[in-house]
Amino acid sequence: MFPPRSQRILLAVLAASALLSAVSGRLNPYFLDVALGAGISVVLASSLNLINGFTGQFSLGHAGFMAVGAYASAMLTTTLAPRLGLSANLLQWVFFPLSLVAGGLLAALAGIAVGAPSLRLKGDYLAIVTLGFGEIIKVVLQNVDAVGASRGLTGIPNHTNFFWVFGSAAVTVYVVWALLNSTYGRGFLAVADDEVAAEAMGLNTTRYKITAFVVGAFFAGVAGGLYAHLKGYLNPGGFSFDKSIEIVVMVILGGMGRHSGVVVAALLLTVLTESLRQTGAFRMIVYSVLLIVLMLTRPQGLFVWPLWPKKEARP
Amino acid sequence: MTEFLQQVLNGVSLGAIYALIALGYTMVYGVLRFINFAHSDVFMLGAFVGWAAVEKLHLPTRSFGGGLAALALAMVVCAVLGVVVEKLAYKPLRNRSTLTVLITAIGVSLLIQNVSQNPTIGFGPNPRAFPELFPARQIHLGGLTVSTNQIVVLAVTIVLLAVLYWIVHRTRIGTAMRALSFNATAASLVGINNDRIISFTFALGSALAGAGGVLYATNYPSIDPLMGTLPGLKAFVAAVLGGIGNLPGAALGGLLIGLVETFVSGTRLSTFRDAIAFAILIAILLFRPAGLLGKLKVEKV
């Protein structure tokens, strides 16, 4: 069993976000928007961390899974919800979370569809396949008229609030953490450390990789749903390769396979991105230089303890 | 039947360009075992060098001499750029994990794209018209319409492939390249300077990508800093399709991808043409992961 401390922390964060949610109406709307964006980033980064960090795979298609979840849940709340004639409270507190879960499940299904064939591949092949998958999702969304094609999907109700975002973030971090600390979950780390050895120990490595993919895709889908109901508008172009890269940078910056580091990096990068918005065109240059310099000098990530190890770790 | 042949012709001339880019991917993969994500941006810069050759250096347009000069210039500039990228970003990572190198390559790719997109220090994000480098004429052969640009693409590609074949199979440095790709440790043991060969490989691949960029732009005369991404990805698919690390495979894969894409464009599925390459990629990885001409290697523990 997991130590109950982790569950207490989870409950505390959930309670805190419920409390903050009650007063969030009084906050500066701009600040609230940035805070919610940061929370969604935590969901995305933590779920990608399970795939890229802990299981040692390299997915570049997280934005694709996010898109699946975003469109699925947005379709539910825009087309199905009005026909049910639910009250505003029911919509916000019952129907919306269900639609988030539905979006997540569909994204998880997409995760199986992508993962099952491609996870026999290693490293860079997998990166390309997931990248390609992200592009396929984008092209399909741009061509399906029912979801607005390249015009985008508009009129999505603003159900996303402080509680749902930070509640989801807490649940994501908790699930990833608890999964990895379970007996079954140790296998993920084994796959990351040495796939051949893991297989020799009798672990079904493909199965582990697919599980990581499916769980990661599920939460990416949930994050997509939150994003859709935060912005009220979806556009296939918003789920491009750049978005996937942004999430990857968060995971790398935080240190692949670190829980807290990745959460800190997700929060920090979202806020940093927001403050760099004025610099506009230079934002992505900063991102890419950061990525290269980080890889050359500190590939283990920025927020990894101890910050300055005494002895150089030999590979 | 004429229409079919016309499509084949269009497909082959598009595929020839993919083949040129795919060769760069496959060569770098051969010596370093990683995917050079920045390759597609070298391709993009090749097109911009071709543009600058006319707009800034005032090379004559609509002449074969001027066009070939612009092509050569793009190849030289891209070769230098490829070597610089290799020395600055990839060389320090020689013995690190593939993932580290891969992420760095993505970083380099993003850096080139975003610097080029920047209006103050780059070209700006808006598309520009690419000048007519070669005299554009239509030649009618039976029912077929052949543009001079298509002929130029095919002729240049064939010459470049022949030169590449000669370099790889008939020269000392080419032999060293093959040795390195076969077994890097053994190659350095017999006195091959691995770093030099790797730089040379980058120069060669980037030069081909630069040529591809100019040729692509003559056929699709609108260039922008993100133009490299899709052709680059498709060329990568071509390299995998042919068997990555295999030079004839890359050329064959490029041709096949070009043909498939042209034929899909002619059907009702034309809006999905950009997705089809990835569908092919997933299929090939499922059924023949070593590619059409590649040999499957058994992993030894």
# chains A, B, ... in the order shown; residues from 1 in each chain; ligands from 1
>>> closest_atom_pairs(of="chain B", to="chain A", cutoff="6 Å", atoms="only C-alpha atoms", output="tab-separated table")
residue	atom	partner	partner_atom	distance
B:Thr104	CA	A:Ile292	CA	5.1
B:Gly107	CA	A:Ser288	CA	4.8
B:Leu110	CA	A:Ser288	CA	5.7
B:Leu111	CA	A:Ser288	CA	5.2
B:Asn114	CA	A:Ile285	CA	5.6
B:Asn118	CA	A:Ala281	CA	5.8
B:Ala275	CA	A:Ile136	CA	5.1
B:Phe278	CA	A:Gly132	CA	5.4
>>> write_last_selection(atoms="N, CA and C atoms", output="short mmCIF file (atom, residue, chain, number, x, y, z; two decimals), in the first residue's frame")
data_model
loop_
_atom_site.label_atom_id
_atom_site.label_comp_id
_atom_site.auth_asym_id
_atom_site.auth_seq_id
_atom_site.Cartn_x
_atom_site.Cartn_y
_atom_site.Cartn_z
N THR B 104 18.44 17.88 -28.38
CA THR B 104 19.27 18.97 -28.86
C THR B 104 18.95 19.28 -30.32
N GLY B 107 15.96 21.20 -30.55
CA GLY B 107 16.26 22.57 -30.14
C GLY B 107 16.91 23.36 -31.27
N LEU B 110 14.28 24.21 -33.85
CA LEU B 110 13.42 25.31 -33.41
C LEU B 110 14.17 26.63 -33.48
N LEU B 111 15.45 26.58 -33.10
CA LEU B 111 16.24 27.81 -33.10
C LEU B 111 16.34 28.37 -34.51
N ASN B 114 12.95 29.75 -35.63
CA ASN B 114 12.47 30.97 -34.98
C ASN B 114 13.36 32.16 -35.24
N ASN B 118 12.02 35.56 -37.16
CA ASN B 118 12.08 36.83 -36.47
C ASN B 118 12.28 37.98 -37.46
N ALA B 275 -1.11 13.83 -44.49
CA ALA B 275 -1.19 12.79 -43.48
C ALA B 275 -0.76 11.44 -44.03
N PHE B 278 2.61 9.85 -43.14
CA PHE B 278 2.72 9.28 -41.80
C PHE B 278 2.02 7.94 -41.70
#
>>> select_by_dssp(residues="segment 54-251 of chain B", states="alpha helix (DSSP H)", output="PyMOL selection string")
chain B and resi 54-55+64-85+98-117+148-170+172-182+184-189+194-219+229-242+247-251
>>> closest_residue(among="A:His259, A:Arg5, A:His159, A:Arg186", to="Leu91 of chain A", atoms="only C-alpha atoms")
A:His159
>>> residues_around(residues="segment 208-224 of chain B", least_positions_apart="6", cutoff="7 Å", atoms="only C-alpha atoms", output="PyMOL selection string")
chain B and resi 17+20-21+24+42-44+46-47+50+71+74-75+78+125-130+132-133+149+153
>>> write_last_selection(atoms="N, CA and C atoms", output="mmCIF file, in the first residue's frame")
data_model
loop_
_atom_site.group_PDB
_atom_site.id
_atom_site.type_symbol
_atom_site.label_atom_id
_atom_site.label_comp_id
_atom_site.auth_asym_id
_atom_site.auth_seq_id
_atom_site.Cartn_x
_atom_site.Cartn_y
_atom_site.Cartn_z
ATOM 1 N N ILE B 17 13.110 15.385 -55.179
ATOM 2 C CA ILE B 17 13.489 16.355 -54.142
ATOM 3 C C ILE B 17 13.472 15.685 -52.766
ATOM 4 N N LEU B 20 16.579 13.754 -52.331
ATOM 5 C CA LEU B 20 17.767 14.535 -51.975
ATOM 6 C C LEU B 20 17.805 14.807 -50.472
ATOM 7 N N ILE B 21 16.637 15.158 -49.898
ATOM 8 C CA ILE B 21 16.616 15.437 -48.454
ATOM 9 C C ILE B 21 16.815 14.144 -47.671
ATOM 10 N N GLY B 24 20.310 12.982 -46.851
ATOM 11 C CA GLY B 24 20.970 13.629 -45.722
ATOM 12 C C GLY B 24 20.608 12.964 -44.404
ATOM 13 N N VAL B 42 17.766 23.121 -42.627
ATOM 14 C CA VAL B 42 18.854 23.375 -43.573
ATOM 15 C C VAL B 42 18.271 23.443 -44.986
ATOM 16 N N PHE B 43 17.341 22.546 -45.249
ATOM 17 C CA PHE B 43 16.619 22.555 -46.532
ATOM 18 C C PHE B 43 15.945 23.912 -46.772
ATOM 19 N N MET B 44 15.247 24.399 -45.725
ATOM 20 C CA MET B 44 14.579 25.690 -45.816
ATOM 21 C C MET B 44 15.592 26.791 -46.108
ATOM 22 N N GLY B 46 18.386 26.533 -47.554
ATOM 23 C CA GLY B 46 18.841 26.397 -48.931
ATOM 24 C C GLY B 46 17.961 27.205 -49.877
ATOM 25 N N ALA B 47 16.649 27.101 -49.675
ATOM 26 C CA ALA B 47 15.725 27.870 -50.508
ATOM 27 C C ALA B 47 15.957 29.367 -50.317
ATOM 28 N N GLY B 50 18.966 30.520 -52.174
ATOM 29 C CA GLY B 50 18.621 30.679 -53.579
ATOM 30 C C GLY B 50 17.905 31.999 -53.840
ATOM 31 N N LEU B 71 22.151 27.472 -57.186
ATOM 32 C CA LEU B 71 22.090 26.121 -56.627
ATOM 33 C C LEU B 71 23.403 25.771 -55.937
ATOM 34 N N ALA B 74 23.817 27.744 -52.747
ATOM 35 C CA ALA B 74 22.997 27.186 -51.665
ATOM 36 C C ALA B 74 23.651 25.937 -51.095
ATOM 37 N N MET B 75 24.221 25.112 -51.967
ATOM 38 C CA MET B 75 24.852 23.880 -51.490
ATOM 39 C C MET B 75 26.040 24.194 -50.597
ATOM 40 N N CYS B 78 24.851 25.763 -47.230
ATOM 41 C CA CYS B 78 24.226 24.754 -46.374
ATOM 42 C C CYS B 78 25.260 23.771 -45.835
ATOM 43 N N PRO B 125 8.147 36.251 -40.705
ATOM 44 C CA PRO B 125 7.320 35.060 -40.878
ATOM 45 C C PRO B 125 6.554 34.985 -42.201
ATOM 46 N N ASN B 126 6.493 36.085 -42.940
ATOM 47 C CA ASN B 126 5.627 36.068 -44.120
ATOM 48 C C ASN B 126 6.279 35.354 -45.293
ATOM 49 N N PRO B 127 5.455 34.670 -46.091
ATOM 50 C CA PRO B 127 6.000 33.999 -47.272
ATOM 51 C C PRO B 127 6.523 35.014 -48.289
ATOM 52 N N ARG B 128 7.553 34.622 -49.014
ATOM 53 C CA ARG B 128 8.055 35.470 -50.086
ATOM 54 C C ARG B 128 7.957 34.713 -51.400
ATOM 55 N N ALA B 129 7.871 35.506 -52.466
ATOM 56 C CA ALA B 129 7.856 34.877 -53.788
ATOM 57 C C ALA B 129 9.275 34.476 -54.146
ATOM 58 N N PHE B 130 9.412 33.270 -54.653
ATOM 59 C CA PHE B 130 10.731 32.805 -55.077
ATOM 60 C C PHE B 130 10.931 33.172 -56.536
ATOM 61 N N GLU B 132 12.126 33.293 -60.472
ATOM 62 C CA GLU B 132 12.255 32.251 -61.493
ATOM 63 C C GLU B 132 13.725 32.069 -61.805
ATOM 64 N N LEU B 133 14.311 31.031 -61.258
ATOM 65 C CA LEU B 133 15.751 30.840 -61.461
ATOM 66 C C LEU B 133 16.037 30.346 -62.872
ATOM 67 N N ASN B 149 11.428 23.234 -65.416
ATOM 68 C CA ASN B 149 11.791 23.068 -64.011
ATOM 69 C C ASN B 149 11.857 21.601 -63.626
ATOM 70 N N VAL B 153 15.026 19.612 -62.219
ATOM 71 C CA VAL B 153 15.006 18.837 -60.979
ATOM 72 C C VAL B 153 15.553 17.443 -61.220
#
>>> residues_around(residues="segment 160-172 of chain A", least_positions_apart="5", cutoff="6 Å", atoms="only C-alpha atoms", output="number ranges by chain")
A: 14, 17-18, 21, 39, 42-43, 226, 229-230
>>> atom_distance(atom1="atom CA of Val68 of chain A", atom2="atom CA of Leu106 of chain A")
6.9 Å
>>> atom_distance(atom1="atom CA of Glu86 of chain B", atom2="atom CA of Ala184 of chain B")
17.2 Å
>>> residues_around(residues="Val175 of chain A", least_positions_apart="3", cutoff="12 Å", atoms="only C-alpha atoms", output="VMD selection string")
chain A and resid 2 6 to 7 10 43 46 to 47 50 168 to 172 178 to 182 185 212 215 to 216 218 to 219 259
